[in-house]
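Colleague: My questions all concern the structure below.
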Amino acid sequence: MAPPAPSKSRKVLGRLSLPERNYVADALRTETLGGVILLVAAVAALIWANTPLHGSYDAVRDFHVGPAALGLDLSLEHWAADGLLAVFFFVAGIELKRELVAGDLRDPKAAVLPVVAAICGMAVPALVYTLVNTVGGGSLEGWAVPMATDIAFALAVLAVIGTSLPSALRAFLLTLAVVDDLFAILIIAVFFTSDLNFAALGGAVAGLAVFWLLLRKNVRGWYVYVPLALVVWGLMYNSGVHATIAGVAMGLMLRCTRREGEQQSPGERIEHLVRPLSAGLAVPLFALLSAGVAVSGGALGEVFTRPEALGVVLGLVVGKAVGIFGGTWLTARFTRASLSEDLVWPDVFAVASLAGIGFTVSLLIDELAFAEDPALSDVVKAAVLTGSVIAALVSGVLLKIRNAKYRRLCEDEERDEDLDGIPDVYELHDPEYHLRMARIYEEKAAEHRRRAEAASGAGGRDDRPA
């Protein structure tokens with residue numbers, strides 16, 4: 001009796017499937033551009049708020065607009081946090097749905113790693129914040145501030161420092177951000193919901209039911225869905241539940257599986273249309289209206305002396321790195337999976353440090369947690385910015401050390417010598433690929449022989465005596 005074949009060891013952060021790689025590349029391309037715009041907007045807000053023009057910044061941020069009769073007479077800052085970020089969370093909802101039904105998260109064995117890593121990457125920063133503020137006598141209200149990763153800001157940092165990352169590490173970072181966006185939404189819904197208006201909440205639920213029914217009936221037309229989405233958003237805002245919940249709920253309702261004959265599912269198509277709006281407009285405008293905090297020597301001193309701010313900084317810089325790395329290592333250890341042979345564990349720690357860049361969701365939770373104390377809210381915003389900068393510097397140094405290796409891996413992933421539009425690494429088990437390459441090399445060999453013969457003939461004529 002033949003011995004059983006050895007089981008194939010599962011790889012941690014191994015090469016992505018080709019469809020997943022293409023999706024990740026397309027998504028991150030948009031997020032990277034959006035991240036650069038976000039970075040510019042955040043810097044502009046900081047400069048505006050720390051110059052003699054800071055009065056105009058406050059005036060713009062506090063300017064109210066909207067129909068008061070509908071309960072929507074809001075400041076521009078409020079519109080950005082509740083309205084524009086609903087677009088951001090709509091895209092996050094589509095991403096999560098796609099990951100669950102068509103991406104890597106549909107396989108429980110593949111999903112366990114990023115999910116556990118993301119949960120640990122949120123739990124440890126919350127514990128760090130809670131510990132610092134328990135010891136220091138600070139407010140525990142901000143425990144959720146350092147929990148979320150800002151994927152756009154992280155990718156902007158990569159673009160600025162010129163560091164390449166293999167697609168597996170980029171996908172890991174994207175999945176971490178998607179999962180902790182989901183948990184951030186749950187935290188906002190559970191812990192930061194004010195007094196409920198059940199009539200408005202019932203209307204929002206009814207609107208979501210109509211939205212779902214129209215999708216099931218394959219009704220098409222933006223002129224149907226956009227007005228309905230605005231109504232649902234308005235009702236959700238007036239219900240006391242944070243209005244961004246409406247965005248993620250509608251994103252999760254979209255179909256993200258392809259039917260026969262479809263090149264893209266409705267969810268993928270709409271995400272492709274809305275993601276540039278989210279990354280290039282909604283999130284940068286939120287940053288412009290939220291990141292403008294006064295930064296002086298005294299304010300920076302408070303970042304490292306007030307327990308609330310120090311808890312946020314340590315949560316982002318230490319908690320995120322330790323949580324994500326520890327969750328990844330423990331998952332690999334207890335599932336007996338091995339790390340991809342192209343990577344080493346310090347690579348995972350560098351990406352975990354990069355995930356310590358928190359911005360969009362962290363600033364949103366700060367505004368919710370410290371709504372009754374604007375001065376403390378500004379100090380915590382400065383802490384979010386400080387912690388994110390420190391995390392960016394640490395991860396940038398760690399990634400630069402291995403950048404030559406990453407560049408070679410990226411070149412291997414992109415190489416397409418047979419020019420068929422598919423990277424060669426995905427065709428190594430296809431006989432047709434090797435036959436194509438054989439023909440290409442035979443043609444090159446024939447060309448070199450022809451050139452050698454021509455060079456030999458020319459050399460012979462040149463060597464003849466005059």
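Order determines the names: the first chain of the structure tokens is A, the second B, and so forth; residues in each chain are numbered 1 upward, and ligands are numbered 1 upward as they are shown.
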Can you pull out every residue within 10 Å of Arg255 of chain A, counting only C-alpha atoms, but drop anything in the same chain fewer than 3 positions away, and send it as a PyMOL selection string?
Modeller: chain A and resi 94+97-98+101+215-216+251-252+258-259+265-268
Colleague: Would you save the residues of that selection, restricted to C-alpha atoms, as a short mmCIF file (atom, residue, chain, number, x, y, z; two decimals), in the first residue's frame?
Modeller:
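Output (selection-v9.cif):
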```cif
data_model
loop_
_atom_site.label_atom_id
_atom_site.label_comp_id
_atom_site.auth_asym_id
_atom_site.auth_seq_id
_atom_site.Cartn_x
_atom_site.Cartn_y
_atom_site.Cartn_z
CA ILE A 94 -18.92 47.08 -1.32
CA LYS A 97 -19.17 42.31 0.38
CA ARG A 98 -16.86 41.49 -2.53
CA VAL A 101 -18.48 36.46 -1.64
CA LEU A 215 -31.69 45.66 -6.58
CA ARG A 216 -33.30 42.21 -6.50
CA GLY A 251 -22.85 48.91 -0.02
CA LEU A 252 -23.39 45.50 1.55
CA ARG A 258 -20.73 37.76 -11.60
CA ARG A 259 -23.45 36.07 -13.59
CA SER A 265 -20.84 42.45 -11.15
CA PRO A 266 -23.05 45.46 -10.29
CA GLY A 267 -21.07 45.95 -7.07
CA GLU A 268 -17.73 45.97 -8.89
#
```
Colleague: What residues in segment 391-431 of chain A get the DSSP label alpha helix (DSSP H)? Please answer as a PyMOL selection string.
Modeller: chain A and resi 391-401+403-414+431
Colleague: For those residues, write C-alpha atoms to a file as a compact mmCIF listing (two decimals), in the first residue's frame.
Modeller:
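part24.txt, written as the output of this step:
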```txt
# COMPACT_ATOMS: atom_id res chain seq x y z
CA ALA A 391 4.17 55.14 12.44
CA ALA A 392 4.92 56.33 8.89
CA LEU A 393 8.55 57.09 9.76
CA VAL A 394 9.10 53.76 11.54
CA SER A 395 7.48 51.71 8.79
CA GLY A 396 9.25 53.74 6.11
CA VAL A 397 12.66 52.90 7.58
CA LEU A 398 11.76 49.21 7.99
CA LEU A 399 10.40 48.93 4.45
CA LYS A 400 13.33 50.81 2.90
CA ILE A 401 15.73 48.23 4.35
CA ASN A 403 13.03 47.70 -0.71
CA ALA A 404 15.56 46.16 -3.13
CA LYS A 405 14.07 42.73 -2.41
CA TYR A 406 10.52 44.07 -2.81
CA ARG A 407 11.44 45.68 -6.13
CA ARG A 408 12.72 42.35 -7.48
CA LEU A 409 9.54 40.59 -6.32
CA CYS A 410 7.41 43.25 -8.00
CA GLU A 411 9.40 42.94 -11.23
CA ASP A 412 8.90 39.17 -11.16
CA GLU A 413 5.16 39.65 -10.63
CA GLU A 414 4.93 42.11 -13.55
CA PRO A 431 2.29 24.02 -21.48
```
Colleague: Which of these, A:Val380, A:Val351, A:Ala49, A:Ala279, has the shortest distance to Ala117 of chain A once you count only C-alpha atoms?
Modeller: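 Of all the options, A:Val351 lies closest to Ala117 of chain A.
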Colleague: May I have the residues within 9 Å of Phe359 of chain A as number ranges by chain, using only C-alpha atoms and disregarding those fewer than 2 positions away in the same chain?
Modeller: A: 146, 148-150, 153, 287, 291, 357, 361-364, 381, 384-385, 388
Colleague: Env of Val179 of chain A: 12 Å cut, atoms = only C-alpha atoms, seq-sep filter 4 positions within chain, self excluded. Answer as a ChimeraX atom specification.
Modeller: /A:89,92-97,99-100,105,111-122,147-151,172-175,183-186
Colleague: Let's have the selection written as an mmCIF file, in the first residue's frame, with C-alpha atoms.
Modeller:
```cif
data_model
loop_
_atom_site.group_PDB
_atom_site.id
_atom_site.type_symbol
_atom_site.label_atom_id
_atom_site.label_comp_id
_atom_site.auth_asym_id
_atom_site.auth_seq_id
_atom_site.Cartn_x
_atom_site.Cartn_y
_atom_site.Cartn_z
ATOM 1 C CA PHE A 89 -18.258 53.771 3.989
ATOM 2 C CA ALA A 92 -16.054 50.073 2.243
ATOM 3 C CA GLY A 93 -19.328 48.134 2.327
ATOM 4 C CA ILE A 94 -18.923 47.079 -1.316
ATOM 5 C CA GLU A 95 -15.291 46.062 -0.669
ATOM 6 C CA LEU A 96 -16.302 43.952 2.294
ATOM 7 C CA LYS A 97 -19.170 42.308 0.382
ATOM 8 C CA GLU A 99 -14.231 40.043 -0.194
ATOM 9 C CA LEU A 100 -16.857 37.871 1.514
ATOM 10 C CA LEU A 105 -12.464 36.084 2.678
ATOM 11 C CA ALA A 111 -10.026 34.553 5.868
ATOM 12 C CA VAL A 112 -8.856 33.561 9.337
ATOM 13 C CA LEU A 113 -5.446 35.265 8.985
ATOM 14 C CA PRO A 114 -6.482 38.819 8.006
ATOM 15 C CA VAL A 115 -9.557 38.715 10.242
ATOM 16 C CA VAL A 116 -7.606 37.617 13.338
ATOM 17 C CA ALA A 117 -4.795 40.056 12.493
ATOM 18 C CA ALA A 118 -7.304 42.905 12.089
ATOM 19 C CA ILE A 119 -9.117 42.057 15.331
ATOM 20 C CA CYS A 120 -5.832 41.911 17.251
ATOM 21 C CA GLY A 121 -4.764 45.118 15.485
ATOM 22 C CA MET A 122 -7.851 46.829 16.905
ATOM 23 C CA MET A 147 -8.201 51.303 16.300
ATOM 24 C CA ALA A 148 -8.607 51.998 12.563
ATOM 25 C CA THR A 149 -6.058 51.956 9.725
ATOM 26 C CA ASP A 150 -6.294 54.587 6.993
ATOM 27 C CA ILE A 151 -5.430 52.667 3.817
ATOM 28 C CA PHE A 172 -2.936 42.055 3.291
ATOM 29 C CA LEU A 173 -2.862 45.770 4.122
ATOM 30 C CA LEU A 174 -6.045 46.408 2.104
ATOM 31 C CA THR A 175 -7.902 43.512 3.742
ATOM 32 C CA PHE A 183 -15.562 46.853 13.050
ATOM 33 C CA ALA A 184 -15.241 50.640 13.273
ATOM 34 C CA ILE A 185 -18.748 50.971 11.829
ATOM 35 C CA LEU A 186 -20.056 48.444 14.375
#
```
Colleague: Could you check the closest approach to Leu85 of chain A for each of A:Val128, A:Ala123, A:Ala282, A:Ala321 and tell me which residue wins, using only C-alpha atoms?
Modeller: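 Among A:Val128, A:Ala123, A:Ala282, A:Ala321, it is A:Ala282 that comes nearest to Leu85 of chain A.
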Colleague: Pick out the closest residue to Ala369 of chain A from this set: A:Val145, A:Ala355, A:Val241, A:Ala152. Count only C-alpha atoms.
Modeller: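 Going through A:Val145, A:Ala355, A:Val241, A:Ala152 one by one, the smallest distance to Ala369 of chain A is for A:Val145.
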Colleague: I want to know what sits within 8 Å of Gly240 of chain A, based on only C-alpha atoms, with residues of the same chain fewer than 2 positions away left out; could you give that as a compact mmCIF listing (two decimals) with C-alpha atoms, in the first residue's frame?
Modeller:
```txt
# COMPACT_ATOMS: atom_id res chain seq x y z
CA THR A 193 -25.44 56.28 18.94
CA SER A 194 -27.39 59.10 20.59
CA ASP A 195 -31.04 58.99 21.65
CA LEU A 196 -33.02 57.08 19.06
CA ASN A 197 -35.87 58.55 17.01
CA LEU A 201 -35.12 54.85 12.15
CA MET A 236 -30.68 57.65 9.32
CA TYR A 237 -29.10 60.93 10.43
CA ASN A 238 -32.30 62.06 12.14
CA HIS A 242 -24.63 57.72 12.82
```
Colleague: Distance table requested - segment 272-332 of chain A against segment 25-45 of chain A, cut-off 9 Å, only C-alpha atoms: one row per qualifying residue with the closest atom pair and its distance in Å to one decimal, ordered by chain and rising residue number, as a Markdown table.
Modeller:
```
| residue | atom | partner | partner_atom | distance |
| --- | --- | --- | --- | --- |
| A:His272 | CA | A:Ala27 | CA | 8.2 |
| A:Arg275 | CA | A:Thr30 | CA | 7.3 |
| A:Pro276 | CA | A:Thr30 | CA | 6.3 |
| A:Ser278 | CA | A:Gly34 | CA | 8.2 |
| A:Ala279 | CA | A:Gly34 | CA | 4.4 |
| A:Gly280 | CA | A:Gly34 | CA | 4.6 |
| A:Leu281 | CA | A:Gly34 | CA | 7.9 |
| A:Val283 | CA | A:Leu38 | CA | 6.8 |
| A:Pro284 | CA | A:Leu38 | CA | 4.4 |
| A:Leu285 | CA | A:Ala41 | CA | 7.2 |
| A:Phe286 | CA | A:Ala41 | CA | 8.8 |
| A:Ala287 | CA | A:Ala42 | CA | 5.4 |
| A:Leu288 | CA | A:Ala45 | CA | 5.0 |
| A:Leu289 | CA | A:Ala45 | CA | 7.0 |
| A:Ser290 | CA | A:Ala45 | CA | 7.8 |
| A:Ala291 | CA | A:Ala42 | CA | 5.7 |
| A:Gly292 | CA | A:Ala45 | CA | 4.5 |
| A:Val293 | CA | A:Ala45 | CA | 7.9 |
```
Colleague: Provide the atom CA of Glu77 of chain A to atom CA of Val274 of chain A distance in Å, to one decimal place.
Modeller: 21.6 Å
Colleague: For Leu230 of chain A, work out the shell of residues within 12 Å, counting only C-alpha atoms and skipping chain neighbours fewer than 6 positions away, then give it as a list in words.
Modeller: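 Close residues of Leu230 of chain A: Leu72, Gly83, Leu84, Ala86, Val87, Ala204, Gly207, Leu208, Phe211, Trp222, Tyr223, Val224, Met236, Tyr237, Ala243, Thr244, Ala246, Gly247 and Met250 of chain A.
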Colleague: In terms of the shortest atom-to-atom distance over only C-alpha atoms, which of A:Val219, A:Ala200, A:Cys256, A:Val425 is closest to Leu16 of chain A?
Modeller: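 The shortest atom-to-atom distance to Leu16 of chain A comes from A:Val425.
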